[in-house]
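**Student:** Questions regarding the structure given below will be posed in turn.
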Amino acid sequence: MSDISNEIKLFISSKRWMKKYFRALMPEMAYVQVESDFKMFLSMVDVSGPSFDLSYDKTKAFYQYEKTDKDLIEKHIADGDVFLDVGANIGHFSFYFKKKYPNLKCHLFEPIPWLGDCIQTTIEKNKITDVEHHKVALSDHSGDDEFFIDTFNDGGHSLLKDKVSKRGSTGKSVKVKLKTLDSYNFEKVDFMKVDVQGAEKLFIQGAKQTIQKFRPKMLIEVSSKESLSFLKFLEKETGISYEVFSSEKEGLLTENDLSSLVDIFSGKGIEDCNYLYVPKC
């Protein structure tokens with residue numbers, strides 16, 4: 001892909017109206033030259049998710065996209081850790097932290113074919129080591145299933161049909177492989193970023209043994225309306241007590257905070273929020 005050809009693709013990719021009418025004709029991917037030695041590949045069909053942000057703001061987006069959540073994670077990881085990126089999309093979080101921590105070992109789980117192609121191309125073109133892409137959706141069992149497509153936001157695809165936004169829902173789906181996290185034989189897991197669009201409980205049910213063994217810190221996107229009930233579910237399923245944090249409010253969150261944040265988030269139009277779960281000693 002020549003630089004000129006790529007610049008044209010980036011221009012097209014940053015125009016929502018073009019995608020609305022010509023989505024089916026879009027090339028699969030383009031790239032952003034983040035630094036002289038690093039190209040980040042993105043999906044050109046994305047209208048409002050991570051790839052669109054990257055095509056629009058380019059290098060700035062690589063560093064600033066969901067920056068408050070990145071800062072929250074950074075307080076809890078170190079060079080040499082094992083980082084699991086569940087629902088990796090184009091791998092934005094993993095590649096961001098891999099550049100900061102060269103010895104970080106990353107496992108990216110992304111079942112959507114065109115997003116997985118972006119991940120794999122970024123790995124290969126930049127010759128990145130200790131980063132592995134797993135072309136599966138993590139759930140509570142192994143097998144095959146339908147993964148429902150959000151045509152507006154590449155970050156909105158879900159195993160659960162009713163979790164795809166009304167704006168992007170057409171009923172379209174792709175067949176994907178399912179596995180449980182517990183079916184993998186990791187030597188250690190230090191941190192997990194989980195963004196699975198409503199399938200969080202299915203993921204946890206298939207990851208209980210791994211969580212109990214390694215007690216990783218976890219950043220999980222959860223519906224703000226379900227933040228308290230999800231905490232109770234997580235603690236019951238794993239038998240581990242957690243301290244909870246959010247980039248939206250300073251300090252440790254109490255159960256009352258989790259309840260009161262629902263109204264705050266609703267006022268801001270926020271339906272889902274990332275919560276950091278840190279095992280208590």
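Chain labels run A, B, ... following the order of the structure tokens; each chain numbers its residues from 1, and ligands are numbered from 1 in the order shown.
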Report as a tab-separated table the residues of region 240-268 of chain A within 10 Å of region 69-73 of chain A, each with its shortest atom pair and distance in Å (one decimal), using only C-alpha atoms, ordered by chain and increasing residue number.

**Tutor:**
```
residue	atom	partner	partner_atom	distance
A:Phe245	CA	A:Leu72	CA	8.6
A:Ser246	CA	A:Leu72	CA	7.8
A:Ser247	CA	A:Asp69	CA	5.9
A:Glu248	CA	A:Asp69	CA	9.1
```

**Student:** Restricting it to N, CA and C atoms, dump the selection as a PDB file, in the first residue's frame.

**Tutor:**
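Written out: out-v8.pdb:
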```
ATOM      1  N   PHE A 245     -12.745   1.001  41.055  1.00  0.00           N
ATOM      2  CA  PHE A 245     -12.358   2.361  40.690  1.00  0.00           C
ATOM      3  C   PHE A 245     -12.946   2.682  39.310  1.00  0.00           C
ATOM      4  N   SER A 246     -13.023   3.964  39.011  1.00  0.00           N
ATOM      5  CA  SER A 246     -13.480   4.403  37.697  1.00  0.00           C
ATOM      6  C   SER A 246     -12.744   5.676  37.319  1.00  0.00           C
ATOM      7  N   SER A 247     -12.534   5.869  36.028  1.00  0.00           N
ATOM      8  CA  SER A 247     -11.892   7.102  35.572  1.00  0.00           C
ATOM      9  C   SER A 247     -12.837   8.292  35.699  1.00  0.00           C
ATOM     10  N   GLU A 248     -14.123   8.020  35.967  1.00  0.00           N
ATOM     11  CA  GLU A 248     -15.113   9.096  36.061  1.00  0.00           C
ATOM     12  C   GLU A 248     -15.184   9.713  37.455  1.00  0.00           C
TER      13      GLU A 248
END
```

**Student:** Counting only C-alpha atoms, which residues of region 51-97 of chain A fall within 10 Å of region 101-112 of chain A, and what is the closest atom pair for each with its distance in Å at one decimal, ordered by chain and rising number, as a tab-separated table?

**Tutor:**
```
residue	atom	partner	partner_atom	distance
A:Ile77	CA	A:Leu104	CA	9.0
A:Ala78	CA	A:Tyr101	CA	7.3
A:Asp79	CA	A:Tyr101	CA	4.9
A:Gly80	CA	A:Leu104	CA	4.6
A:Asp81	CA	A:Leu104	CA	5.3
A:Val82	CA	A:Lys105	CA	4.7
A:Phe83	CA	A:Cys106	CA	4.8
A:Leu84	CA	A:His107	CA	4.9
A:Asp85	CA	A:Leu108	CA	4.7
A:Val86	CA	A:Phe109	CA	4.9
A:Gly87	CA	A:Glu110	CA	5.3
A:Ala88	CA	A:Glu110	CA	5.4
A:Asn89	CA	A:Glu110	CA	6.1
A:Ile90	CA	A:Glu110	CA	8.2
A:Gly91	CA	A:Leu108	CA	6.9
A:Phe93	CA	A:Leu108	CA	9.7
A:Ser94	CA	A:Cys106	CA	6.5
A:Phe95	CA	A:Cys106	CA	8.7
A:Tyr96	CA	A:Tyr101	CA	8.9
A:Phe97	CA	A:Tyr101	CA	5.9
```

**Student:** Store the residues of this selection in a file with N, CA and C atoms, as a PDB file, in the first residue's frame.

**Tutor:**
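Written file, again37.pdb:
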```pdb
ATOM      1  N   ILE A  77      -0.152  -1.721  35.849  1.00  0.00           N
ATOM      2  CA  ILE A  77       0.621  -2.679  35.054  1.00  0.00           C
ATOM      3  C   ILE A  77       2.095  -2.305  35.092  1.00  0.00           C
ATOM      4  N   ALA A  78       2.944  -3.246  34.725  1.00  0.00           N
ATOM      5  CA  ALA A  78       4.389  -3.023  34.717  1.00  0.00           C
ATOM      6  C   ALA A  78       5.006  -3.766  33.542  1.00  0.00           C
ATOM      7  N   ASP A  79       6.193  -3.344  33.146  1.00  0.00           N
ATOM      8  CA  ASP A  79       6.904  -4.009  32.062  1.00  0.00           C
ATOM      9  C   ASP A  79       7.148  -5.472  32.436  1.00  0.00           C
ATOM     10  N   GLY A  80       6.843  -6.368  31.504  1.00  0.00           N
ATOM     11  CA  GLY A  80       6.991  -7.797  31.775  1.00  0.00           C
ATOM     12  C   GLY A  80       5.703  -8.468  32.189  1.00  0.00           C
ATOM     13  N   ASP A  81       4.648  -7.698  32.436  1.00  0.00           N
ATOM     14  CA  ASP A  81       3.351  -8.271  32.789  1.00  0.00           C
ATOM     15  C   ASP A  81       2.734  -8.986  31.591  1.00  0.00           C
ATOM     16  N   VAL A  82       1.724  -9.826  31.892  1.00  0.00           N
ATOM     17  CA  VAL A  82       0.900 -10.446  30.860  1.00  0.00           C
ATOM     18  C   VAL A  82      -0.442  -9.713  30.836  1.00  0.00           C
ATOM     19  N   PHE A  83      -0.756  -9.145  29.672  1.00  0.00           N
ATOM     20  CA  PHE A  83      -1.929  -8.285  29.495  1.00  0.00           C
ATOM     21  C   PHE A  83      -2.895  -8.967  28.529  1.00  0.00           C
ATOM     22  N   LEU A  84      -4.117  -9.212  28.981  1.00  0.00           N
ATOM     23  CA  LEU A  84      -5.142  -9.819  28.137  1.00  0.00           C
ATOM     24  C   LEU A  84      -6.124  -8.740  27.679  1.00  0.00           C
ATOM     25  N   ASP A  85      -6.307  -8.661  26.369  1.00  0.00           N
ATOM     26  CA  ASP A  85      -7.179  -7.663  25.755  1.00  0.00           C
ATOM     27  C   ASP A  85      -8.369  -8.410  25.159  1.00  0.00           C
ATOM     28  N   VAL A  86      -9.464  -8.465  25.909  1.00  0.00           N
ATOM     29  CA  VAL A  86     -10.626  -9.287  25.537  1.00  0.00           C
ATOM     30  C   VAL A  86     -11.674  -8.387  24.883  1.00  0.00           C
ATOM     31  N   GLY A  87     -11.938  -8.641  23.601  1.00  0.00           N
ATOM     32  CA  GLY A  87     -12.723  -7.710  22.807  1.00  0.00           C
ATOM     33  C   GLY A  87     -11.794  -6.608  22.350  1.00  0.00           C
ATOM     34  N   ALA A  88     -10.721  -7.008  21.656  1.00  0.00           N
ATOM     35  CA  ALA A  88      -9.599  -6.101  21.383  1.00  0.00           C
ATOM     36  C   ALA A  88      -9.881  -5.095  20.283  1.00  0.00           C
ATOM     37  N   ASN A  89     -10.920  -5.343  19.445  1.00  0.00           N
ATOM     38  CA  ASN A  89     -11.178  -4.475  18.305  1.00  0.00           C
ATOM     39  C   ASN A  89      -9.947  -4.456  17.391  1.00  0.00           C
ATOM     40  N   ILE A  90      -9.319  -3.298  17.149  1.00  0.00           N
ATOM     41  CA  ILE A  90      -8.107  -3.264  16.313  1.00  0.00           C
ATOM     42  C   ILE A  90      -6.835  -3.327  17.165  1.00  0.00           C
ATOM     43  N   GLY A  91      -7.001  -3.557  18.459  1.00  0.00           N
ATOM     44  CA  GLY A  91      -5.833  -3.727  19.333  1.00  0.00           C
ATOM     45  C   GLY A  91      -5.268  -2.442  19.877  1.00  0.00           C
ATOM     46  N   PHE A  93      -5.591  -0.610  22.637  1.00  0.00           N
ATOM     47  CA  PHE A  93      -5.034  -0.595  23.990  1.00  0.00           C
ATOM     48  C   PHE A  93      -3.742  -1.404  24.066  1.00  0.00           C
ATOM     49  N   SER A  94      -3.746  -2.583  23.468  1.00  0.00           N
ATOM     50  CA  SER A  94      -2.562  -3.445  23.546  1.00  0.00           C
ATOM     51  C   SER A  94      -1.349  -2.793  22.899  1.00  0.00           C
ATOM     52  N   PHE A  95      -1.520  -2.222  21.709  1.00  0.00           N
ATOM     53  CA  PHE A  95      -0.379  -1.621  21.011  1.00  0.00           C
ATOM     54  C   PHE A  95       0.086  -0.345  21.716  1.00  0.00           C
ATOM     55  N   TYR A  96      -0.852   0.376  22.309  1.00  0.00           N
ATOM     56  CA  TYR A  96      -0.493   1.577  23.073  1.00  0.00           C
ATOM     57  C   TYR A  96       0.436   1.204  24.234  1.00  0.00           C
ATOM     58  N   PHE A  97       0.041   0.188  24.999  1.00  0.00           N
ATOM     59  CA  PHE A  97       0.854  -0.196  26.154  1.00  0.00           C
ATOM     60  C   PHE A  97       2.109  -0.955  25.750  1.00  0.00           C
TER      61      PHE A  97
END
```

**Student:** Can you pull out the residues contacting Lys172 (chain A)? Cut-off 9 Å, using only C-alpha atoms, and skip same-chain residues under 5 positions away; I want them as a PDB file with C-alpha atoms, in the first residue's frame.

**Tutor:**
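out.pdb, written as the output of this step:
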```pdb
ATOM      1  CA  PHE A 147     -21.740 -12.675  16.496  1.00  0.00           C
ATOM      2  CA  PHE A 148     -24.115  -9.797  15.741  1.00  0.00           C
ATOM      3  CA  ILE A 149     -22.803  -6.843  13.771  1.00  0.00           C
ATOM      4  CA  ASP A 150     -23.185  -3.158  14.586  1.00  0.00           C
ATOM      5  CA  THR A 151     -22.969  -1.423  11.208  1.00  0.00           C
TER       6      THR A 151
END
```

**Student:** From the DSSP assignment of the backbone, select every residue of region 49-123 of chain A that is helix (DSSP H, G or I), and format the answer as a PyMOL selection string.

**Tutor:** chain A and resi 50-57+59-64+67-74+92-100+113-123

**Student:** Leaving out Leu253 (chain A) and any residue of its chain fewer than 4 positions from it, which residues lie within 10 Å of it when counting only C-alpha atoms, given as JSON, numbers by chain?

**Tutor:** {"A": [243, 244, 245, 246, 249, 257, 258, 259, 261, 275, 276]}

**Student:** Between CA of Leu138 (chain A) and CA of Lys201 (chain A), measure the distance and give it in Å to one decimal.

**Tutor:**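 CA of Lys201 (chain A) lies 10.8 Å from CA of Leu138 (chain A).
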
**Student:** If you count only C-alpha atoms, which residues fall within 12 Å of Asp3 (chain A), apart from same-chain ones fewer than 2 positions away, as a ChimeraX atom specification?

**Tutor:** /A:1,5-10,30-33,39

**Student:** Can those selected residues be exported to a file as a compact mmCIF listing (two decimals), in the first residue's frame so that it contains N, CA and C atoms?

**Tutor:**
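selection-v9.txt written:
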```
# COMPACT_ATOMS: atom_id res chain seq x y z
N MET A 1 0.85 -1.20 0.00
CA MET A 1 0.00 0.00 0.00
C MET A 1 0.89 1.25 0.00
N SER A 5 -1.75 6.26 -1.76
CA SER A 5 -2.98 5.46 -1.71
C SER A 5 -3.54 5.44 -0.29
N ASN A 6 -2.66 5.31 0.69
CA ASN A 6 -3.12 5.27 2.08
C ASN A 6 -3.70 6.60 2.52
N GLU A 7 -3.13 7.72 2.10
CA GLU A 7 -3.66 9.04 2.46
C GLU A 7 -5.06 9.21 1.90
N ILE A 8 -5.30 8.72 0.70
CA ILE A 8 -6.64 8.79 0.12
C ILE A 8 -7.61 7.95 0.94
N LYS A 9 -7.16 6.77 1.34
CA LYS A 9 -8.00 5.90 2.17
C LYS A 9 -8.33 6.55 3.52
N LEU A 10 -7.34 7.19 4.13
CA LEU A 10 -7.58 7.86 5.41
C LEU A 10 -8.57 9.00 5.25
N ALA A 30 -6.78 0.72 6.27
CA ALA A 30 -5.77 1.73 6.00
C ALA A 30 -4.86 1.74 7.22
N TYR A 31 -3.85 2.62 7.22
CA TYR A 31 -3.00 2.70 8.41
C TYR A 31 -2.68 4.15 8.75
N VAL A 32 -2.37 4.35 10.02
CA VAL A 32 -1.88 5.64 10.51
C VAL A 32 -0.42 5.47 10.88
N GLN A 33 0.41 6.36 10.37
CA GLN A 33 1.84 6.33 10.72
C GLN A 33 1.98 7.03 12.06
N LYS A 39 3.29 1.63 12.37
CA LYS A 39 2.05 1.86 11.63
C LYS A 39 0.92 1.10 12.33
```

**Student:** Assign secondary structure with DSSP using the backbone only, and return the residues of region 21-202 of chain A in strand (DSSP E or B) as a PyMOL selection string.

**Tutor:** chain A and resi 29-35+38-43+82-86+105-109+131-134+137-138+143-150+158+169-179+191-194

**Student:** Any chance you can output those residues with N, CA and C atoms as a short mmCIF file (atom, residue, chain, number, x, y, z; two decimals), in the first residue's frame?

**Tutor:**
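File produced: again_11.cif:
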```cif
data_model
loop_
_atom_site.label_atom_id
_atom_site.label_comp_id
_atom_site.auth_asym_id
_atom_site.auth_seq_id
_atom_site.Cartn_x
_atom_site.Cartn_y
_atom_site.Cartn_z
N MET A 29 -8.80 -1.96 4.88
CA MET A 29 -8.06 -1.26 5.93
C MET A 29 -7.16 -0.18 5.37
N ALA A 30 -6.78 0.72 6.27
CA ALA A 30 -5.77 1.73 6.00
C ALA A 30 -4.86 1.74 7.22
N TYR A 31 -3.85 2.62 7.22
CA TYR A 31 -3.00 2.70 8.41
C TYR A 31 -2.68 4.15 8.75
N VAL A 32 -2.37 4.35 10.02
CA VAL A 32 -1.88 5.64 10.51
C VAL A 32 -0.42 5.47 10.88
N GLN A 33 0.41 6.36 10.37
CA GLN A 33 1.84 6.33 10.72
C GLN A 33 1.98 7.03 12.06
N VAL A 34 1.92 6.26 13.13
CA VAL A 34 1.93 6.83 14.47
C VAL A 34 3.29 7.43 14.79
N GLU A 35 4.34 6.68 14.52
CA GLU A 35 5.71 7.15 14.67
C GLU A 35 6.49 6.62 13.46
N PHE A 38 6.36 2.88 13.42
CA PHE A 38 5.15 2.17 13.84
C PHE A 38 3.93 2.61 13.04
N LYS A 39 3.29 1.63 12.37
CA LYS A 39 2.05 1.86 11.63
C LYS A 39 0.92 1.10 12.33
N MET A 40 -0.18 1.80 12.58
CA MET A 40 -1.35 1.18 13.20
C MET A 40 -2.44 1.02 12.14
N PHE A 41 -2.88 -0.22 11.92
CA PHE A 41 -3.87 -0.49 10.88
C PHE A 41 -5.28 -0.43 11.46
N LEU A 42 -6.20 0.10 10.66
CA LEU A 42 -7.56 0.36 11.11
C LEU A 42 -8.59 -0.10 10.09
N SER A 43 -9.81 -0.30 10.57
CA SER A 43 -10.92 -0.73 9.73
C SER A 43 -11.57 0.49 9.07
N VAL A 82 1.72 -9.83 31.89
CA VAL A 82 0.90 -10.45 30.86
C VAL A 82 -0.44 -9.71 30.84
N PHE A 83 -0.76 -9.15 29.67
CA PHE A 83 -1.93 -8.29 29.50
C PHE A 83 -2.89 -8.97 28.53
N LEU A 84 -4.12 -9.21 28.98
CA LEU A 84 -5.14 -9.82 28.14
C LEU A 84 -6.12 -8.74 27.68
N ASP A 85 -6.31 -8.66 26.37
CA ASP A 85 -7.18 -7.66 25.76
C ASP A 85 -8.37 -8.41 25.16
N VAL A 86 -9.46 -8.46 25.91
CA VAL A 86 -10.63 -9.29 25.54
C VAL A 86 -11.67 -8.39 24.88
N LYS A 105 3.69 -8.69 27.61
CA LYS A 105 3.21 -9.80 26.79
C LYS A 105 1.70 -9.65 26.63
N CYS A 106 1.23 -9.54 25.40
CA CYS A 106 -0.17 -9.24 25.13
C CYS A 106 -0.86 -10.39 24.40
N HIS A 107 -2.05 -10.72 24.86
CA HIS A 107 -2.92 -11.67 24.17
C HIS A 107 -4.20 -10.93 23.81
N LEU A 108 -4.48 -10.82 22.51
CA LEU A 108 -5.63 -10.10 22.02
C LEU A 108 -6.68 -11.10 21.53
N PHE A 109 -7.90 -10.96 22.04
CA PHE A 109 -9.00 -11.83 21.65
C PHE A 109 -10.01 -11.01 20.85
N VAL A 131 3.23 -10.56 21.20
CA VAL A 131 1.83 -10.17 21.02
C VAL A 131 1.16 -11.23 20.18
N GLU A 132 0.08 -11.83 20.71
CA GLU A 132 -0.60 -12.91 20.00
C GLU A 132 -2.08 -12.60 19.85
N HIS A 133 -2.57 -12.78 18.62
CA HIS A 133 -3.99 -12.58 18.34
C HIS A 133 -4.72 -13.91 18.33
N HIS A 134 -5.79 -14.01 19.11
CA HIS A 134 -6.62 -15.21 19.15
C HIS A 134 -7.95 -14.90 18.46
N ALA A 137 -14.10 -15.60 20.25
CA ALA A 137 -14.85 -14.86 21.26
C ALA A 137 -14.81 -15.66 22.55
N LEU A 138 -14.51 -15.01 23.65
CA LEU A 138 -14.47 -15.70 24.93
C LEU A 138 -15.84 -15.69 25.57
N GLY A 143 -17.33 -23.71 21.24
CA GLY A 143 -18.19 -24.11 20.14
C GLY A 143 -18.24 -23.04 19.07
N ASP A 144 -19.35 -22.95 18.37
CA ASP A 144 -19.57 -21.95 17.34
C ASP A 144 -20.83 -21.17 17.68
N ASP A 145 -20.86 -19.90 17.27
CA ASP A 145 -22.05 -19.09 17.55
C ASP A 145 -22.10 -17.93 16.59
N GLU A 146 -23.25 -17.22 16.60
CA GLU A 146 -23.40 -16.02 15.79
C GLU A 146 -22.91 -14.81 16.58
N PHE A 147 -22.19 -13.93 15.90
CA PHE A 147 -21.74 -12.68 16.50
C PHE A 147 -22.43 -11.56 15.72
N PHE A 148 -23.25 -10.76 16.41
CA PHE A 148 -24.12 -9.80 15.74
C PHE A 148 -23.37 -8.49 15.48
N ILE A 149 -23.59 -7.96 14.28
CA ILE A 149 -22.80 -6.84 13.77
C ILE A 149 -23.50 -5.50 13.98
N ASP A 150 -22.75 -4.55 14.48
CA ASP A 150 -23.18 -3.16 14.59
C ASP A 150 -22.61 -2.42 13.38
N SER A 158 -21.63 -7.75 19.10
CA SER A 158 -21.88 -8.48 20.34
C SER A 158 -22.37 -9.90 20.09
N SER A 169 -28.09 -1.71 14.37
CA SER A 169 -28.58 -3.08 14.29
C SER A 169 -29.33 -3.34 12.99
N THR A 170 -28.91 -4.39 12.29
CA THR A 170 -29.60 -4.82 11.07
C THR A 170 -29.94 -6.30 11.14
N GLY A 171 -29.51 -6.95 12.22
CA GLY A 171 -29.70 -8.39 12.33
C GLY A 171 -28.62 -9.20 11.66
N LYS A 172 -27.65 -8.54 11.03
CA LYS A 172 -26.56 -9.24 10.37
C LYS A 172 -25.62 -9.86 11.41
N SER A 173 -25.03 -10.98 11.04
CA SER A 173 -24.12 -11.64 11.98
C SER A 173 -23.05 -12.38 11.20
N VAL A 174 -21.98 -12.75 11.92
CA VAL A 174 -20.95 -13.62 11.36
C VAL A 174 -20.77 -14.79 12.31
N LYS A 175 -20.40 -15.93 11.75
CA LYS A 175 -20.16 -17.12 12.57
C LYS A 175 -18.76 -17.03 13.17
N VAL A 176 -18.65 -17.25 14.49
CA VAL A 176 -17.35 -17.17 15.16
C VAL A 176 -17.12 -18.40 16.02
N LYS A 177 -15.85 -18.61 16.37
CA LYS A 177 -15.46 -19.65 17.31
C LYS A 177 -15.56 -19.11 18.73
N LEU A 178 -16.10 -19.92 19.63
CA LEU A 178 -16.15 -19.59 21.05
C LEU A 178 -15.16 -20.46 21.81
N LYS A 179 -14.52 -19.86 22.81
CA LYS A 179 -13.70 -20.62 23.75
C LYS A 179 -13.89 -20.01 25.13
N PHE A 191 -3.18 -8.57 34.12
CA PHE A 191 -4.21 -7.57 33.89
C PHE A 191 -5.08 -8.00 32.71
N MET A 192 -6.40 -7.74 32.85
CA MET A 192 -7.32 -8.02 31.74
C MET A 192 -8.16 -6.78 31.46
N LYS A 193 -8.19 -6.39 30.19
CA LYS A 193 -9.13 -5.35 29.73
C LYS A 193 -10.24 -6.07 28.99
N VAL A 194 -11.47 -5.92 29.47
CA VAL A 194 -12.60 -6.69 28.94
C VAL A 194 -13.67 -5.73 28.41
#
```

**Student:** State, in Å with one decimal place, the distance from CA of Met218 (chain A) to CA of Ile119 (chain A).

**Tutor:** 21.6 Å

**Student:** I'd like to know which of A:Glu226, A:Glu221, A:Glu250, A:Glu187 is closest to Tyr277 (chain A), using only C-alpha atoms.

**Tutor:** A:Glu221

**Student:** I'd like the interatomic distance between CA of Asn185 (chain A) and CA of Lys125 (chain A), to a tenth of an Å.

**Tutor:**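 Interatomic distance here is 27.7 Å.
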